[in-house]
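Step one of this worksheet: look at the structure below.
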Amino acid sequence: MYRYDEFDHAFVNERVAEFRDQVARRLSGELTEEQFRPLRLRNGLYLQLHAYMLRIAIPYGQLSPRQLRQLAMIGRRWDRGYGHFTTRQNLQFNWIKLVDVPDVLAALAEVEMHCIQTSGNCVRNVTSDPYAAAANDELEDPRVWCEILRQWSTLHPEFNWLPRKFKIAVSGAAEDRAATAFHDIGLRLVRGPNGENGFRVLVGGGMGRTPYVGQVIREFLPKEHLLSYVDSILRVYNLHGRRDNIYKARIKILVNAMGIDKFREEVEADWNATNKAAIDLPEDELRRIASYFAPPELPEQAPRDEALAARRESDPRFANWYRNNVLPHRVPGYASVVVSLKEPGRTPGDASSDAMDFVADLAERFGHNEVRVNYTQNLVLPHAALADVPAIYDALAGAGLATGNNELLGDMICCPGLDYCNLANARSIPIAKEIAKKFEDPERQTEIGKIRVNMSGCINACGHHHSGNIGILGVDKKGTELYQITLGGSPKDDASVGKIIGPGFRAENVPEAIDTIVDTYVENRREGENFLDTWRRVGPAPFKEALYGAR
Amino acid sequence: MPSVVTANRLNDGIVVYLAPKGAWTESIADAARAETDDELKVLESAAEIAVQDRIVVGVYPMPIEIKEDGTVDPISVRERIRASHRTTLTEDWYDVPL
Ligand code: HEM
Ligand code: SF4
C-alpha cells in the first residue's frame, strides 16, 4: 500500500501542529466560534447532536492492521470504544472532545492517516471498489488512480474553495461496486479501441435533495490524461457553478442546467487549451506510485478445498455465510471475505474498538495484512486462502462478525440519523434494527435473494436511499417522524433513482411496509428475476395495491 | 409551558443545560426552569455570558413539560435523544421508544 514519503509526513505533521495552535487559540478566546468553525471543518471536526464528531478519511477504503489498531486505540482512549464506518469509506467517531483532537490527529499521523478534506467545499476522500486487486472481474487496479487523484487534489490551490463539496469514485472492474454513477465524477476503467485501458468518465451524479445519475462526458479518456481532464471539469465547474444558493451549488445542478453536451463542449475546449504535460503525471512518477500497489504474492492453490467443501455440507450456518460473504478471487484457491457489521440488533456500520483489533489480528493471520472498507458499511479481508476460510469463519462467529447477509436484506445501509446527526429529521438506526428483527430468519433472506435496502434520516441522503432497491427516507411531519419509501433505485451499472411509492409511514409501521413490499416482489417475480427486474416489468401498481389498497 | 436553555460544552461538546446560579449540568432534571418570557430572558442572557466566557457554544431555549411524577419531558424526539446522552452501539437496547 502507499507509504508516506518525507514530504507527506512533514505536511501532515505541520497540519497537526497548526490545528493544535488553532484549538488553543479557540480555548483561550483568541478565536470566536464563527472564526474557528471553518478551521475545524477543514480538519473533519463537526459539532453534532451529542458532541464533536471527527471524520477520518480511509483513502479508497484501504487499511493496514496497524492503522486499524490505531483507530481502535483512538476509540478506546478518546471516544466511547466504537466508531461508525460510512458510505464514503470514512470512519466517524461520535464522542471526541475538542481538547483531545490535536492528540487524536497526532495519533493518526503516526499511522499515515488524517482528516484533511473530509469536510468543506473541496475534493473529498476518493472512494473505490473494496475488492480492488482481488476481484476476478477486474481490468485494472483503481487504487493507483485514487492515490494519484488524492495527491493532486490535496490542498490544490485552485480547487480548495469550490462552490460545494466534490466527490469522486473510481472502479476498475466489470461490476460497479463503488456507485460511480452517484458521484460528482465517476471513473470507470474500460478497454479502449486499441486494447489499451482508459476511463469512461461520468459527471454530475449525486444524491441529496436533487438526485441525478451521472452522465457520460467522455466514453474513453486515455488514462495518462486523467489529471488534466479532471482538472478541466473542475475548472468549468468552479467558474460556472452557483455560489448564491447552497442547494443549487453541486456540479450535478450545473450539468443539468447547461445540458451535458454544452458542459462537455466547455470542458473539451478548456482541455484542448490546457498544457497537458504540465498537469498529467510523468510516466516514471506513475510507475513509482503504481509500485506501492503491487498485489501480495499469492502462490496458486487448489481451487477446491476438501475440508471447506465438507464443512459446507455439514454446517448450514457456515454454508449460508459462505454463499453470501465469501467472494471469488482472481487467484485460484483464494477468496475475499466480507466481515459483516450488520448483526441484527446492532447499528449498521458501527464497529467496537475490540472488533477493530480483532479484524486487524485476522488480517495479519489470514489476510496478507490488508483490510478494506466497503461503502455498504462492512469490512473486507480481500486476500484469504480458501483453506483458511473455515478458521476465519469460526473466529468471526465468536465475535459477532459472521452474519451471513452480505448484499441480502439484512445488509442495510443506514446513516446515523437523529441519533447523532444535527441535520436529521428522523431516526434511522432504530428503524434499521426493527427491520433487521423482522427479517432475522436467514432462510427468509435467502428466499428473497439479493436486495439493497438503504435508509437516510434526512434528504441529504448520506444513507443512499435514492439508490436503494427499497429506499427509506425519514422526514419530519409536524413533529412526528414519518418515513417515505422509494422503490426501484440502483447503485450499479443500471443506476437509477428510486420513485416514491405513496404516502409515508409512521416509524412503527415501516417494518410491516417493507415486509409487504418484499412479499409483493416475491409473489410477482419470475424465475431468475431480481427486485429491479420485477419492479421494471410490473411497475408500481401491485406494490401500491398491496401497501395502500385497503385504504 | 416552562422552558430551559441548552447548549454544547465548548471543550468536549457534550449536551448541557443551564442550571441555577449560572452552573451548567448534563442532567435536564437539574436545569433551571423559566415559567415566563421574562424568566427565560434572564436565563438567555446568563447563557450569552457563558458563550463569551467560552464555556458553551450553540445556545438555544427549548420548551419542556413536567410530567405528573415530576420528571422532565424534553417533548421532541431530538431533545429526548440529546437529553439521554446515550450510545447505540453497546447492546441491543434503545431507550427512546419509537
Ligand atoms: C453526521 C454528520 C453528517 C453530516 C453533517 C452530513 C452532511 C451531509 C450533507 C449536508 C449532504 C448533502 C450534500 C449536498 O447535497 O450537497 C450529505 C451528503 C452525503 N453524505 Fe453526509 N453527513 C453526515 C454524515 C454522513 C455519514 C455518516 C455518511 C455515510 C454513512 C455520509 C455520506 C454522505 C453521502 C454518501 C452523501 C450523498 C452523496 C452526495 O450527493 O454528496 N454522511 N451529507
Ligand atoms: S442523511 Fe441526513 S440525517 Fe443522515 S447523516 Fe446525512 S445529514 Fe445526517
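Every chain in the C-alpha cells has a letter given in the order shown (A, B, ...), and although residue numbers restart at 1 in each chain, ligands are simply numbered from 1 in the order shown.
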
Write out as a list in words the residues lying within 9 Å of B:Val77, counting only C-alpha atoms and excluding same-chain residues fewer than 3 positions away. Leu418, Ala426, Arg427, Gly479, Thr480 and Glu481 of chain A; Pro74, Arg80, Ile81, Arg82, Val96 and Leu98 of chain B

For the residues in that selection, give me N, CA and C atoms as a short mmCIF file (atom, residue, chain, number, x, y, z; two decimals), in the first residue's frame.
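Printed below is result.cif as written:
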data_model
loop_
_atom_site.label_atom_id
_atom_site.label_comp_id
_atom_site.auth_asym_id
_atom_site.auth_seq_id
_atom_site.Cartn_x
_atom_site.Cartn_y
_atom_site.Cartn_z
N LEU A 418 -31.16 10.79 13.39
CA LEU A 418 -31.40 11.67 14.53
C LEU A 418 -30.72 11.18 15.82
N ALA A 426 -35.29 12.62 11.26
CA ALA A 426 -35.88 11.43 11.86
C ALA A 426 -34.77 10.43 12.16
N ARG A 427 -35.13 9.44 12.98
CA ARG A 427 -34.14 8.41 13.31
C ARG A 427 -34.04 7.38 12.18
N GLY A 479 -43.61 17.47 13.65
CA GLY A 479 -43.09 16.94 14.90
C GLY A 479 -43.12 15.43 15.02
N THR A 480 -43.69 14.75 14.02
CA THR A 480 -43.70 13.28 14.05
C THR A 480 -42.74 12.77 12.99
N GLU A 481 -42.00 11.72 13.35
CA GLU A 481 -41.12 11.10 12.37
C GLU A 481 -41.98 10.30 11.39
N PRO B 74 -38.56 16.30 27.62
CA PRO B 74 -38.00 17.26 26.65
C PRO B 74 -38.86 17.42 25.40
N ARG B 80 -35.27 14.56 23.34
CA ARG B 80 -35.21 13.36 24.19
C ARG B 80 -33.89 12.62 23.94
N ILE B 81 -33.47 12.56 22.67
CA ILE B 81 -32.21 11.89 22.34
C ILE B 81 -31.03 12.67 22.93
N ARG B 82 -31.05 14.00 22.80
CA ARG B 82 -29.94 14.78 23.36
C ARG B 82 -29.86 14.60 24.87
N VAL B 96 -35.10 5.40 23.83
CA VAL B 96 -36.08 6.41 23.43
C VAL B 96 -37.07 5.71 22.51
N LEU B 98 -39.85 4.29 19.95
CA LEU B 98 -40.29 4.80 18.65
C LEU B 98 -41.63 5.51 18.79
#

Please return as a ChimeraX atom specification the residues found within 7 Å of ligand 1, counting only C-alpha atoms and all ligand atoms. /A:48,85-88,92,164-165,167,182-183,206-209,247,250,414-416,420-423,460-464

Output for the residues just chosen: C-alpha atoms as a compact mmCIF listing (two decimals), in the first residue's frame:
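For reference, again_34.txt as written:
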# COMPACT_ATOMS: atom_id res chain seq x y z
CA GLN A 48 -23.07 17.20 16.26
CA PHE A 85 -17.90 3.27 9.03
CA THR A 86 -19.67 5.39 6.44
CA THR A 87 -20.80 5.11 2.84
CA ARG A 88 -17.86 7.32 1.85
CA GLN A 92 -16.58 8.73 12.20
CA ARG A 164 -19.64 22.95 -2.98
CA LYS A 165 -18.17 19.60 -1.87
CA LYS A 167 -16.87 13.52 -4.57
CA PHE A 182 -23.82 8.72 -7.94
CA HIS A 183 -20.66 10.81 -7.71
CA GLY A 206 -25.27 12.70 -6.82
CA MET A 207 -27.75 12.06 -4.06
CA GLY A 208 -29.08 14.77 -1.78
CA ARG A 209 -32.31 16.64 -2.35
CA TYR A 247 -28.96 23.81 -2.75
CA ARG A 250 -23.30 20.99 -6.77
CA CYS A 414 -28.09 3.28 7.33
CA CYS A 415 -26.92 6.80 8.18
CA PRO A 416 -26.61 7.94 11.83
CA TYR A 420 -26.29 11.54 16.21
CA CYS A 421 -26.78 13.97 13.38
CA ASN A 422 -27.63 17.64 13.75
CA LEU A 423 -29.25 17.82 10.33
CA ASN A 460 -29.13 14.83 2.34
CA ALA A 461 -29.16 11.10 1.55
CA CYS A 462 -25.96 10.06 3.31
CA GLY A 463 -27.56 6.61 3.59
CA HIS A 464 -28.00 6.39 -0.22

From A:Ile148, A:Ala395, A:Ala107, A:Val497, residue lying nearest A:His465 [only C-alpha atoms]: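 For A:His465, the nearest of the candidates is A:Val497.
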
Surrounding residues of stretch 315-319 of chain A excluding itself and chain neighbours under 6 positions, 10 Å, only C-alpha atoms, as a list of chain:residue names: A:Leu308, A:Ala309, A:Asn325, A:Pro390, A:Tyr393, A:Asp394, A:Ala397, A:Ala402, A:Thr403, A:Gly404, A:Pro442

For C-alpha atoms, I'd like the residues from the last selection saved as a PDB file, in the first residue's frame.
ATOM      1  CA  LEU A 308     -14.103 -26.480   3.211  1.00  0.00           C
ATOM      2  CA  ALA A 309     -16.437 -28.445   0.962  1.00  0.00           C
ATOM      3  CA  ASN A 325     -19.926 -13.400   2.360  1.00  0.00           C
ATOM      4  CA  PRO A 390     -13.395 -22.117   7.956  1.00  0.00           C
ATOM      5  CA  TYR A 393     -15.486 -18.024   9.978  1.00  0.00           C
ATOM      6  CA  ASP A 394     -15.080 -19.613  13.395  1.00  0.00           C
ATOM      7  CA  ALA A 397     -18.601 -16.051  14.589  1.00  0.00           C
ATOM      8  CA  ALA A 402     -20.150 -13.578  10.880  1.00  0.00           C
ATOM      9  CA  THR A 403     -23.693 -12.599   9.937  1.00  0.00           C
ATOM     10  CA  GLY A 404     -24.124 -14.210   6.535  1.00  0.00           C
ATOM     11  CA  PRO A 442     -31.696 -16.380   7.300  1.00  0.00           C
TER      12      PRO A 442
END

Please return, as an mmCIF file with N, CA and C atoms, in the first residue's frame, all residues of chain B lying within 6 Å of chain A when only C-alpha atoms are considered.
data_model
loop_
_atom_site.group_PDB
_atom_site.id
_atom_site.type_symbol
_atom_site.label_atom_id
_atom_site.label_comp_id
_atom_site.auth_asym_id
_atom_site.auth_seq_id
_atom_site.Cartn_x
_atom_site.Cartn_y
_atom_site.Cartn_z
ATOM 1 N N ASN B 11 -15.459 22.595 25.455
ATOM 2 C CA ASN B 11 -14.235 21.794 25.435
ATOM 3 C C ASN B 11 -14.451 20.321 25.111
ATOM 4 N N ASP B 12 -15.676 19.814 25.308
ATOM 5 C CA ASP B 12 -15.910 18.415 24.919
ATOM 6 C C ASP B 12 -17.175 18.212 24.083
ATOM 7 N N GLY B 13 -17.947 19.259 23.872
ATOM 8 C CA GLY B 13 -19.114 19.165 23.005
ATOM 9 C C GLY B 13 -20.361 18.561 23.635
ATOM 10 N N ILE B 14 -20.253 18.086 24.870
ATOM 11 C CA ILE B 14 -21.365 17.360 25.499
ATOM 12 C C ILE B 14 -22.564 18.292 25.733
ATOM 13 N N VAL B 15 -23.776 17.713 25.577
ATOM 14 C CA VAL B 15 -25.013 18.467 25.766
ATOM 15 C C VAL B 15 -25.150 18.891 27.234
ATOM 16 N N ARG B 82 -31.052 13.997 22.798
ATOM 17 C CA ARG B 82 -29.941 14.782 23.360
ATOM 18 C C ARG B 82 -29.858 14.595 24.871
ATOM 19 N N ASP B 92 -28.136 -4.538 22.365
ATOM 20 C CA ASP B 92 -29.411 -4.374 21.698
ATOM 21 C C ASP B 92 -30.394 -3.678 22.637
#

Looking only at helix (DSSP H, G or I) from DSSP on the backbone, list the matching residues of chain B as a ChimeraX atom specification. /B:20-22,28-30,37-52,77-84

In terms of the shortest atom-to-atom distance over only C-alpha atoms, which of A:Asn43, A:Asn369, A:Asn320, A:Asn405 is closest to A:Val339?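 For A:Val339, the nearest of the given residues is A:Asn405.
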
Could you list, as a list of chain:residue names, every residue within 9 Å of stretch 277-293 of chain A, counting only C-alpha atoms and ignoring same-chain residues fewer than 5 positions away?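 Residues meeting the cut-off are A:Met1, A:Tyr2, A:Arg3, A:Ala133, A:Asp141, A:Arg143, A:Val144, A:Trp145, A:Glu147, A:Ile148, A:Glu224, A:His225, A:Leu226, A:Leu227, A:Ser228, A:Tyr229, A:Asp231.
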
Could you please take those selected residues and save N, CA, C and O atoms as a PDB file, in the first residue's frame?
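Saved the output as again.pdb:
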ATOM      1  N   MET A   1       0.829  -1.193   0.000  1.00  0.00           N
ATOM      2  CA  MET A   1       0.000   0.000   0.000  1.00  0.00           C
ATOM      3  C   MET A   1       0.863   1.242   0.000  1.00  0.00           C
ATOM      4  O   MET A   1       2.060   1.167   0.237  1.00  0.00           O
ATOM      5  N   TYR A   2       0.236   2.380  -0.306  1.00  0.00           N
ATOM      6  CA  TYR A   2       1.013   3.609  -0.405  1.00  0.00           C
ATOM      7  C   TYR A   2       1.665   3.948   0.934  1.00  0.00           C
ATOM      8  O   TYR A   2       1.068   3.800   1.986  1.00  0.00           O
ATOM      9  N   ARG A   3       2.915   4.373   0.900  1.00  0.00           N
ATOM     10  CA  ARG A   3       3.610   4.805   2.117  1.00  0.00           C
ATOM     11  C   ARG A   3       3.956   6.277   1.971  1.00  0.00           C
ATOM     12  O   ARG A   3       4.404   6.715   0.923  1.00  0.00           O
ATOM     13  N   ALA A 133      -7.825  -5.199  -6.743  1.00  0.00           N
ATOM     14  CA  ALA A 133      -6.671  -6.109  -6.811  1.00  0.00           C
ATOM     15  C   ALA A 133      -6.995  -7.513  -6.319  1.00  0.00           C
ATOM     16  O   ALA A 133      -6.119  -8.360  -6.194  1.00  0.00           O
ATOM     17  N   ASP A 141      -6.206  -2.091 -11.424  1.00  0.00           N
ATOM     18  CA  ASP A 141      -6.326  -1.677 -10.027  1.00  0.00           C
ATOM     19  C   ASP A 141      -6.693  -0.182  -9.924  1.00  0.00           C
ATOM     20  O   ASP A 141      -5.909   0.679 -10.323  1.00  0.00           O
ATOM     21  N   ARG A 143      -6.935   1.669  -7.292  1.00  0.00           N
ATOM     22  CA  ARG A 143      -6.341   2.396  -6.157  1.00  0.00           C
ATOM     23  C   ARG A 143      -5.196   3.304  -6.591  1.00  0.00           C
ATOM     24  O   ARG A 143      -4.977   4.360  -6.026  1.00  0.00           O
ATOM     25  N   VAL A 144      -4.477   2.866  -7.621  1.00  0.00           N
ATOM     26  CA  VAL A 144      -3.362   3.677  -8.115  1.00  0.00           C
ATOM     27  C   VAL A 144      -3.883   5.049  -8.523  1.00  0.00           C
ATOM     28  O   VAL A 144      -3.317   6.093  -8.168  1.00  0.00           O
ATOM     29  N   TRP A 145      -5.012   5.044  -9.243  1.00  0.00           N
ATOM     30  CA  TRP A 145      -5.581   6.293  -9.746  1.00  0.00           C
ATOM     31  C   TRP A 145      -6.201   7.100  -8.618  1.00  0.00           C
ATOM     32  O   TRP A 145      -6.177   8.328  -8.632  1.00  0.00           O
ATOM     33  N   GLU A 147      -5.039   7.171  -5.597  1.00  0.00           N
ATOM     34  CA  GLU A 147      -3.913   7.778  -4.889  1.00  0.00           C
ATOM     35  C   GLU A 147      -3.382   8.986  -5.676  1.00  0.00           C
ATOM     36  O   GLU A 147      -3.060  10.023  -5.100  1.00  0.00           O
ATOM     37  N   ILE A 148      -3.311   8.843  -6.993  1.00  0.00           N
ATOM     38  CA  ILE A 148      -2.861   9.966  -7.830  1.00  0.00           C
ATOM     39  C   ILE A 148      -3.818  11.150  -7.670  1.00  0.00           C
ATOM     40  O   ILE A 148      -3.393  12.291  -7.474  1.00  0.00           O
ATOM     41  N   GLU A 224      -3.450   8.284 -19.291  1.00  0.00           N
ATOM     42  CA  GLU A 224      -2.371   9.200 -18.915  1.00  0.00           C
ATOM     43  C   GLU A 224      -2.863  10.645 -18.802  1.00  0.00           C
ATOM     44  O   GLU A 224      -2.189  11.490 -18.241  1.00  0.00           O
ATOM     45  N   HIS A 225      -4.095  10.917 -19.329  1.00  0.00           N
ATOM     46  CA  HIS A 225      -4.616  12.284 -19.271  1.00  0.00           C
ATOM     47  C   HIS A 225      -5.630  12.492 -18.150  1.00  0.00           C
ATOM     48  O   HIS A 225      -6.343  13.496 -18.136  1.00  0.00           O
ATOM     49  N   LEU A 226      -5.690  11.547 -17.212  1.00  0.00           N
ATOM     50  CA  LEU A 226      -6.720  11.668 -16.172  1.00  0.00           C
ATOM     51  C   LEU A 226      -6.669  13.019 -15.458  1.00  0.00           C
ATOM     52  O   LEU A 226      -7.678  13.706 -15.327  1.00  0.00           O
ATOM     53  N   LEU A 227      -5.493  13.395 -14.985  1.00  0.00           N
ATOM     54  CA  LEU A 227      -5.424  14.616 -14.173  1.00  0.00           C
ATOM     55  C   LEU A 227      -5.802  15.862 -14.973  1.00  0.00           C
ATOM     56  O   LEU A 227      -6.557  16.711 -14.496  1.00  0.00           O
ATOM     57  N   SER A 228      -5.298  15.974 -16.189  1.00  0.00           N
ATOM     58  CA  SER A 228      -5.614  17.189 -16.947  1.00  0.00           C
ATOM     59  C   SER A 228      -7.102  17.252 -17.272  1.00  0.00           C
ATOM     60  O   SER A 228      -7.707  18.329 -17.269  1.00  0.00           O
ATOM     61  N   TYR A 229      -7.729  16.096 -17.510  1.00  0.00           N
ATOM     62  CA  TYR A 229      -9.152  16.116 -17.857  1.00  0.00           C
ATOM     63  C   TYR A 229     -10.014  16.452 -16.633  1.00  0.00           C
ATOM     64  O   TYR A 229     -10.926  17.278 -16.704  1.00  0.00           O
ATOM     65  N   ASP A 231      -9.037  18.071 -14.117  1.00  0.00           N
ATOM     66  CA  ASP A 231      -8.702  19.475 -13.882  1.00  0.00           C
ATOM     67  C   ASP A 231      -9.643  20.392 -14.685  1.00  0.00           C
ATOM     68  O   ASP A 231     -10.196  21.365 -14.164  1.00  0.00           O
TER      69      ASP A 231
END

Please identify all polymer residues within 7 Å of A:His383, counting only C-alpha atoms, omitting same-chain residues fewer than 2 positions from it, and present them as a PDB file with C-alpha atoms, in the first residue's frame.
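What follows is the written file result33.pdb:
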ATOM      1  CA  ALA A 134      -8.676  -9.113  -5.585  1.00  0.00           C
ATOM      2  CA  TYR A 334      -8.240 -17.610  -2.713  1.00  0.00           C
ATOM      3  CA  ALA A 335     -11.315 -15.579  -1.788  1.00  0.00           C
ATOM      4  CA  SER A 336     -12.359 -12.195  -0.443  1.00  0.00           C
ATOM      5  CA  GLY A 367      -5.361 -11.784   5.169  1.00  0.00           C
ATOM      6  CA  HIS A 368      -1.919 -10.686   3.950  1.00  0.00           C
ATOM      7  CA  LEU A 381     -10.448  -9.237   4.029  1.00  0.00           C
ATOM      8  CA  ALA A 385      -6.734 -18.599   1.205  1.00  0.00           C
TER       9      ALA A 385
END

For stretch 60-69 of chain B: contacts at 9 Å, only C-alpha atoms, fewer than 3 positions along chain excluded, given as a VMD selection string: chain B and resid 1 to 7 33 40 43 to 44 47 72 to 76 79

Counting only C-alpha atoms, which residue out of B:Ser45, B:Arg78, B:Asp30, B:Thr36 sits closest to B:Val16? B:Asp30

Long-range neighbours of B:Val57 as an mmCIF file with N, CA, C and O atoms, in the first residue's frame, 6 Å cut-off, only C-alpha atoms, 6 positions minimum in chain:
data_model
loop_
_atom_site.group_PDB
_atom_site.id
_atom_site.type_symbol
_atom_site.label_atom_id
_atom_site.label_comp_id
_atom_site.auth_asym_id
_atom_site.auth_seq_id
_atom_site.Cartn_x
_atom_site.Cartn_y
_atom_site.Cartn_z
ATOM 1 N N ALA B 7 -27.241 23.857 25.412
ATOM 2 C CA ALA B 7 -26.067 24.197 24.602
ATOM 3 C C ALA B 7 -25.172 22.970 24.534
ATOM 4 O O ALA B 7 -25.507 21.914 25.082
ATOM 5 N N ASN B 8 -24.038 23.109 23.831
ATOM 6 C CA ASN B 8 -22.988 22.090 23.912
ATOM 7 C C ASN B 8 -21.789 22.714 24.613
ATOM 8 O O ASN B 8 -21.451 23.874 24.365
ATOM 9 N N LEU B 10 -18.126 23.728 25.289
ATOM 10 C CA LEU B 10 -17.082 24.001 24.291
ATOM 11 C C LEU B 10 -15.980 22.949 24.288
ATOM 12 O O LEU B 10 -15.596 22.443 23.238
ATOM 13 N N VAL B 51 -21.285 31.908 26.755
ATOM 14 C CA VAL B 51 -20.712 31.783 25.409
ATOM 15 C C VAL B 51 -19.462 32.646 25.321
ATOM 16 O O VAL B 51 -18.414 32.200 24.838
#
